[in-house]
>>> print(open('work32.cif').read())   # mmCIF, C-alpha atoms
data_my_file
loop_
_atom_site.label_atom_id
_atom_site.label_comp_id
_atom_site.auth_asym_id
_atom_site.auth_seq_id
_atom_site.Cartn_x
_atom_site.Cartn_y
_atom_site.Cartn_z
CA MET P 1 17.62 -18.93 -7.32
CA PRO P 2 16.04 -15.74 -5.95
CA GLU P 3 16.83 -15.09 -2.28
CA VAL P 4 13.45 -13.71 -1.12
CA LYS P 5 9.91 -13.43 -2.48
CA ILE P 6 8.43 -9.95 -2.23
CA GLY P 7 4.74 -9.45 -2.98
CA VAL P 8 3.20 -6.25 -4.33
CA VAL P 9 -0.52 -5.41 -4.25
CA VAL P 10 -1.63 -2.85 -6.85
CA ALA P 11 -5.30 -1.87 -6.66
CA ASP P 12 -5.90 0.53 -9.54
CA LEU P 13 -5.54 -0.39 -13.22
CA ASP P 14 -4.08 3.07 -13.95
CA GLU P 15 -1.34 2.23 -11.42
CA TYR P 16 -0.81 -1.36 -12.60
CA LYS P 17 -0.44 -0.68 -16.34
CA PRO P 18 2.66 1.56 -15.89
CA LEU P 19 4.17 -1.19 -13.73
CA GLU P 20 3.47 -3.76 -16.44
CA ALA P 21 5.23 -1.56 -18.99
CA TYR P 22 8.16 -0.78 -16.67
CA VAL P 23 9.03 -4.42 -15.88
CA LYS P 24 9.20 -5.58 -19.51
CA ARG P 25 12.97 -5.00 -19.20
CA PHE P 26 13.04 -7.80 -16.60
CA SER P 27 11.28 -10.41 -18.82
CA PRO P 28 8.37 -10.98 -16.43
CA LYS P 29 6.26 -14.13 -16.28
CA LYS P 30 2.57 -13.30 -16.50
CA TYR P 31 -0.22 -15.32 -14.96
CA GLU P 32 -3.89 -14.90 -14.10
CA PHE P 33 -4.91 -14.02 -10.56
CA TYR P 34 -8.48 -15.28 -10.80
CA LYS P 35 -9.93 -12.78 -13.32
CA ASN P 36 -7.18 -10.19 -12.89
CA ASP P 37 -3.57 -9.96 -14.06
CA ALA P 38 -0.42 -10.79 -12.15
CA LEU P 39 3.25 -11.15 -12.99
CA SER P 40 6.57 -12.09 -11.45
CA PHE P 41 10.17 -11.18 -12.24
CA ASP P 42 13.63 -11.33 -10.73
CA TYR P 43 15.01 -8.09 -9.34
CA LYS P 44 18.32 -7.64 -7.52
CA GLY P 45 18.40 -11.30 -6.54
CA ASN P 46 14.78 -11.48 -5.33
CA GLU P 47 11.53 -12.69 -6.88
CA ILE P 48 8.94 -9.91 -7.09
CA ILE P 49 5.31 -11.01 -7.47
CA CYS P 50 2.88 -8.23 -8.44
CA VAL P 51 -0.89 -8.66 -8.34
CA PHE P 52 -3.51 -6.33 -9.78
CA SER P 53 -6.19 -6.71 -7.13
CA GLY P 54 -8.86 -4.21 -8.10
CA VAL P 55 -9.97 -1.47 -5.72
CA GLY P 56 -11.47 -1.94 -2.28
CA LYS P 57 -10.79 -3.86 0.91
CA VAL P 58 -12.10 -7.28 -0.13
CA ASN P 59 -10.07 -7.29 -3.35
CA ALA P 60 -6.93 -6.10 -1.58
CA ALA P 61 -7.23 -8.63 1.24
CA GLY P 62 -7.71 -11.48 -1.25
CA ALA P 63 -4.60 -10.42 -3.18
CA ALA P 64 -2.57 -10.13 0.01
CA MET P 65 -3.57 -13.63 1.13
CA HIS P 66 -2.67 -14.99 -2.32
CA LEU P 67 0.81 -13.47 -1.93
CA VAL P 68 1.16 -14.94 1.56
CA ASP P 69 0.13 -18.37 0.23
CA SER P 70 2.65 -17.91 -2.61
CA GLY P 71 5.45 -17.75 -0.05
CA CYS P 72 6.12 -14.00 0.03
CA SER P 73 8.23 -12.96 3.00
CA TYR P 74 7.34 -9.27 2.58
CA ILE P 75 4.34 -7.48 1.13
CA LEU P 76 4.38 -3.99 -0.36
CA ASN P 77 1.73 -1.70 -1.77
CA TYR P 78 1.79 1.59 -3.62
CA GLY P 79 -0.90 3.95 -4.82
CA LEU P 80 -2.63 7.28 -4.40
CA SER P 81 -4.14 8.55 -1.15
CA GLY P 82 -6.28 11.46 -0.07
CA GLY P 83 -4.57 13.87 2.26
CA ILE P 84 -6.43 14.40 5.54
CA SER P 85 -3.97 16.43 7.64
CA GLY P 86 -0.30 17.37 7.69
CA VAL P 87 0.45 16.38 4.07
CA LYS P 88 0.34 18.20 0.74
CA ARG P 89 -0.76 17.15 -2.73
CA GLY P 90 2.08 15.37 -4.57
CA GLU P 91 3.87 14.41 -1.35
CA ILE P 92 5.22 10.89 -0.79
CA ASN P 93 3.93 9.31 2.40
CA ILE P 94 4.72 6.04 4.17
CA PRO P 95 2.05 5.47 6.83
CA ASP P 96 3.16 4.25 10.25
CA ARG P 97 -0.28 2.92 11.20
CA PHE P 98 -3.28 1.50 9.37
CA LEU P 99 -6.90 1.07 10.40
CA GLU P 100 -10.33 0.53 8.82
CA HIS P 101 -12.42 3.64 9.42
CA ASP P 102 -15.64 2.06 8.13
CA PHE P 103 -15.58 -0.85 10.60
CA ASP P 104 -18.06 0.33 13.22
CA LEU P 105 -19.50 -1.57 16.18
CA SER P 106 -19.93 1.59 18.23
CA LEU P 107 -23.68 0.96 18.68
CA ILE P 108 -22.85 -2.12 20.79
CA GLY P 109 -20.19 -0.45 22.87
CA TYR P 110 -16.97 -0.59 20.86
CA LYS P 111 -14.80 2.28 19.68
CA PRO P 112 -14.99 3.25 15.99
CA CYS P 113 -12.83 0.78 13.99
CA GLU P 114 -12.31 -1.47 17.04
CA LYS P 115 -12.51 -5.20 16.25
CA PRO P 116 -13.41 -7.50 19.14
CA TRP P 117 -10.72 -9.87 20.45
CA GLN P 118 -7.95 -8.71 18.12
CA ASN P 119 -5.55 -5.94 17.29
CA TYR P 120 -7.20 -3.47 14.91
CA ILE P 121 -4.51 -0.83 14.46
CA TYR P 122 -1.71 -2.27 12.34
CA SER P 123 1.87 -1.02 12.02
CA VAL P 124 4.33 -0.57 9.18
CA ASP P 125 7.42 -2.78 9.35
CA LYS P 126 10.14 -0.53 10.77
CA SER P 127 13.02 -2.19 8.90
CA LEU P 128 11.25 -1.69 5.55
CA LYS P 129 10.44 1.94 6.31
CA ASP P 130 13.98 2.64 7.52
CA ALA P 131 15.35 1.17 4.29
CA VAL P 132 13.14 3.37 2.11
CA ILE P 133 13.91 6.50 4.13
CA LYS P 134 17.62 5.72 3.74
CA GLY P 135 17.12 5.93 -0.03
CA PHE P 136 14.78 8.93 -0.09
CA GLY P 137 15.58 10.97 2.96
CA GLU P 138 12.87 11.84 5.48
CA LEU P 139 9.28 11.10 4.43
CA SER P 140 6.01 11.84 6.18
CA GLY P 141 4.24 9.08 8.10
CA GLY P 142 1.20 9.14 10.33
CA THR P 143 -2.05 7.18 10.27
CA ALA P 144 -3.67 5.85 7.09
CA VAL P 145 -7.39 5.24 7.42
CA CYS P 146 -8.91 2.76 4.99
CA GLY P 147 -12.50 2.14 3.96
CA ASP P 148 -14.71 1.23 1.03
CA LYS P 149 -15.61 4.85 0.38
CA PHE P 150 -13.90 7.56 -1.67
CA ILE P 151 -13.53 10.46 0.75
CA CYS P 152 -14.45 13.68 -1.06
CA THR P 153 -16.26 16.00 1.32
CA ASP P 154 -14.99 18.44 3.91
CA LYS P 155 -17.38 16.85 6.42
CA ASP P 156 -15.94 13.34 6.00
CA ARG P 157 -12.38 14.64 6.06
CA LYS P 158 -13.03 16.45 9.36
CA PHE P 159 -14.60 13.32 10.86
CA LEU P 160 -11.55 11.19 9.99
CA LYS P 161 -9.15 13.80 11.33
CA ASP P 162 -11.05 14.34 14.57
CA THR P 163 -11.90 10.67 15.22
CA PHE P 164 -8.71 8.89 14.16
CA ASP P 165 -6.09 11.66 13.90
CA ALA P 166 -5.80 10.54 10.27
CA THR P 167 -3.03 11.67 7.95
CA THR P 168 -4.23 10.02 4.72
CA CYS P 169 -7.14 7.92 3.47
CA ASP P 170 -7.41 5.16 0.89
CA LEU P 171 -9.41 2.05 0.00
CA GLU P 172 -6.93 -0.80 0.57
CA THR P 173 -4.08 -0.37 3.05
CA GLY P 174 -5.90 -1.38 6.24
CA ALA P 175 -7.15 -4.59 4.63
CA ILE P 176 -3.68 -5.57 3.39
CA ALA P 177 -2.17 -4.70 6.77
CA SER P 178 -4.78 -6.87 8.52
CA VAL P 179 -3.82 -9.92 6.45
CA CYS P 180 -0.14 -9.26 7.06
CA GLU P 181 -0.78 -8.96 10.79
CA PHE P 182 -2.46 -12.36 10.93
CA ALA P 183 0.21 -13.96 8.73
CA SER P 184 3.14 -12.27 10.53
CA VAL P 185 4.41 -10.87 7.22
CA PRO P 186 6.13 -7.43 7.23
CA PHE P 187 4.19 -4.77 5.32
CA LEU P 188 4.90 -1.33 3.89
CA SER P 189 2.76 0.98 1.78
CA LEU P 190 4.15 3.82 -0.33
CA ARG P 191 1.50 6.43 -1.06
CA ARG P 192 1.40 9.61 -3.12
CA VAL P 193 -1.07 12.25 -1.96
CA SER P 194 -3.43 12.99 -4.86
CA ASP P 195 -5.96 15.34 -3.26
CA ASP P 196 -7.09 16.87 0.02
CA ALA P 197 -10.05 14.47 0.45
CA GLY P 198 -12.37 17.50 0.54
CA ASP P 199 -15.02 18.89 -1.75
CA ASP P 200 -12.65 19.21 -4.75
CA ALA P 201 -11.04 15.79 -4.28
CA VAL P 202 -12.61 14.08 -7.31
CA LYS P 203 -11.12 16.55 -9.79
CA SER P 204 -7.67 16.49 -8.14
CA TYR P 205 -7.60 12.69 -7.91
CA ARG P 206 -8.53 12.15 -11.55
CA LYS P 207 -5.84 14.56 -12.70
CA MET P 208 -3.15 12.89 -10.58
CA ASN P 209 -4.25 9.36 -11.51
CA ILE P 210 -4.21 9.98 -15.26
CA ASN P 211 -1.13 12.18 -15.55
CA GLU P 212 1.29 10.93 -12.90
CA GLY P 213 1.03 7.14 -12.84
CA THR P 214 4.38 6.66 -14.55
CA SER P 215 6.29 8.84 -12.09
CA LEU P 216 4.76 6.85 -9.23
CA ILE P 217 6.34 3.72 -10.71
CA ASP P 218 9.76 5.39 -10.71
CA ILE P 219 9.28 6.29 -7.05
CA PHE P 220 8.16 2.76 -6.17
CA PHE P 221 11.16 1.16 -7.85
CA LYS P 222 13.51 3.51 -6.04
CA ALA P 223 11.92 2.29 -2.80
CA LEU P 224 12.08 -1.34 -3.93
CA GLU P 225 15.78 -0.97 -4.73
CA SER P 226 16.43 0.35 -1.22
CA ILE P 227 14.50 -2.56 0.31
CA CYS P 228 16.40 -5.12 -1.76
CA ASP P 229 19.71 -3.55 -0.74
CA MET P 230 18.65 -3.81 2.92
CA LEU P 231 17.73 -7.47 2.51
CA LYS P 232 21.08 -8.20 0.88
CA GLU P 233 22.92 -6.54 3.76
CA LYS P 234 20.89 -8.58 6.23
CA GLN P 235 21.68 -11.83 4.39
CA ASN P 236 25.38 -10.98 4.34
CA VAL P 237 25.34 -10.47 8.09
CA VAL P 238 23.69 -13.86 8.61
CA LYS P 239 26.30 -15.55 6.38
#
>>> encode(input="work32.cif", output="structure tokens")
Amino acid sequence: MPEVKIGVVVADLDEYKPLEAYVKRFSPKKYEFYKNDALSFDYKGNEIICVFSGVGKVNAAGAAMHLVDSGCSYILNYGLSGGISGVKRGEINIPDRFLEHDFDLSLIGYKPCEKPWQNYIYSVDKSLKDAVIKGFGELSGGTAVCGDKFICTDKDRKFLKDTFDATTCDLETGAIASVCEFASVPFLSLRRVSDDAGDDAVKSYRKMNINEGTSLIDIFFKALESICDMLKEKQNVVK
């Protein structure tokens, strides 16, 4: 029997299809996640459950909660991000912090992205990040800002940098991290920087999304292997 269940949220179809092709070697079991696809397979002694969520915060949060309800002890995510500051196109980034930049109650006295009565800045699980860095070497971190808006203007990029000290931006990580925070499930997101989130972002993103989806899968599985090795070491210590 698999030791641990690890959930994976994949938002973009161009990122999920290469995964689907890659895991055929593991004889995956496919099932329907409402109207989207999902699959599970055994990998290095663990059950990996991957859900194609669709883009955006609501879709990502629903997929994350499904994985929590399915008994996943860890939740991972991978995908493309816009680079706000301190990162370059093509770079691999593992955010240290996640927040929702489009949550705004500032007109009634709250800070931008602040949610009343709860934590609203979520953190990567340190043990997961340490495991991936052990396999890759040093990777950039920083703050990932998430919102239901594709950031593609110099004006918006400057706002996110100045307001949140943002490193990258995307449409899902903050929502997944929020669910994991409430469920006390460790979370890590592996992101590849596709563009600079400025005026030429659309062209750069489309090129990266179409041409480099397969290489992103190779990177993700290298990270997953490192995580599984860490979990095995931890289980051996307990035994």
>>> atom_distance(input="work32.cif", atom1="atom CA of Val51 of chain P", atom2="atom CA of Val9 of chain P")
5.2 Å
>>> resolve_selection(input="work32.cif", expression="the PyMOL selection byres ((chain P and resi 24-33) around 10)", output="PyMOL selection string")
chain P and resi 19-23+34-43+48-53+63+66
>>> atom_distance(input="work32.cif", atom1="atom CA of Glu91 of chain P", atom2="atom CA of Glu114 of chain P")
29.2 Å
>>> resolve_selection(input="work32.cif", expression="the PyMOL selection byres ((chain P and resi 181-185) around 8)", output="list in words")
Val68, Ser73, Tyr74, Ile75, Tyr122, Ala177, Ser178, Val179, Cys180, Pro186 and Phe187 of chain P
>>> closest_residue(input="work32.cif", among="P:Leu99, P:Val58, P:Val132, P:Leu80", to="Asn119 of chain P", atoms="all atoms listed in the file")
P:Leu99
>>> resolve_selection(input="work32.cif", expression="the PyMOL selection byres ((chain P and resi 147) around 6)", output="JSON, numbers by chain")
{"P": [100, 101, 102, 146, 148, 149, 171]}
>>> closest_residue(input="work32.cif", among="P:Val87, P:Leu76, P:Ala131, P:Val55", to="Lys232 of chain P", atoms="only C-alpha atoms")
P:Ala131
>>> closest_residue(input="work32.cif", among="P:Leu128, P:Ala144, P:Ala11, P:Leu231", to="Lys57 of chain P", atoms="only C-alpha atoms")
P:Ala11
>>> residues_around(input="work32.cif", residues="Ser123 of chain P", least_positions_apart="6", cutoff="8 Å", atoms="all atoms listed in the file", output="list in words")
Asp96, Arg97, Phe98 and Ala177 of chain P
>>> write_last_selection(input="work32.cif", atoms="C-alpha atoms", output="PDB file, keeping the file's coordinate frame")
ATOM      1  CA  ASP P  96       3.160   4.250  10.250  1.00  0.00           C
ATOM      2  CA  ARG P  97      -0.280   2.920  11.200  1.00  0.00           C
ATOM      3  CA  PHE P  98      -3.280   1.500   9.370  1.00  0.00           C
ATOM      4  CA  ALA P 177      -2.170  -4.700   6.770  1.00  0.00           C
TER       5      ALA P 177
END
>>> closest_residue(input="work32.cif", among="P:Ile217, P:Ala223, P:Leu188, P:Cys152", to="Glu15 of chain P", atoms="only C-alpha atoms")
P:Ile217
>>> atom_distance(input="work32.cif", atom1="atom CA of Val10 of chain P", atom2="atom CA of Asp218 of chain P")
14.6 Å
>>> closest_residue(input="work32.cif", among="P:Arg191, P:Lys126, P:Lys5, P:Lys158", to="Thr173 of chain P", atoms="all atoms listed in the file")
P:Arg191
>>> closest_residue(input="work32.cif", among="P:Ile92, P:Leu13, P:Met230, P:Met65", to="Ser140 of chain P", atoms="all atoms listed in the file")
P:Ile92
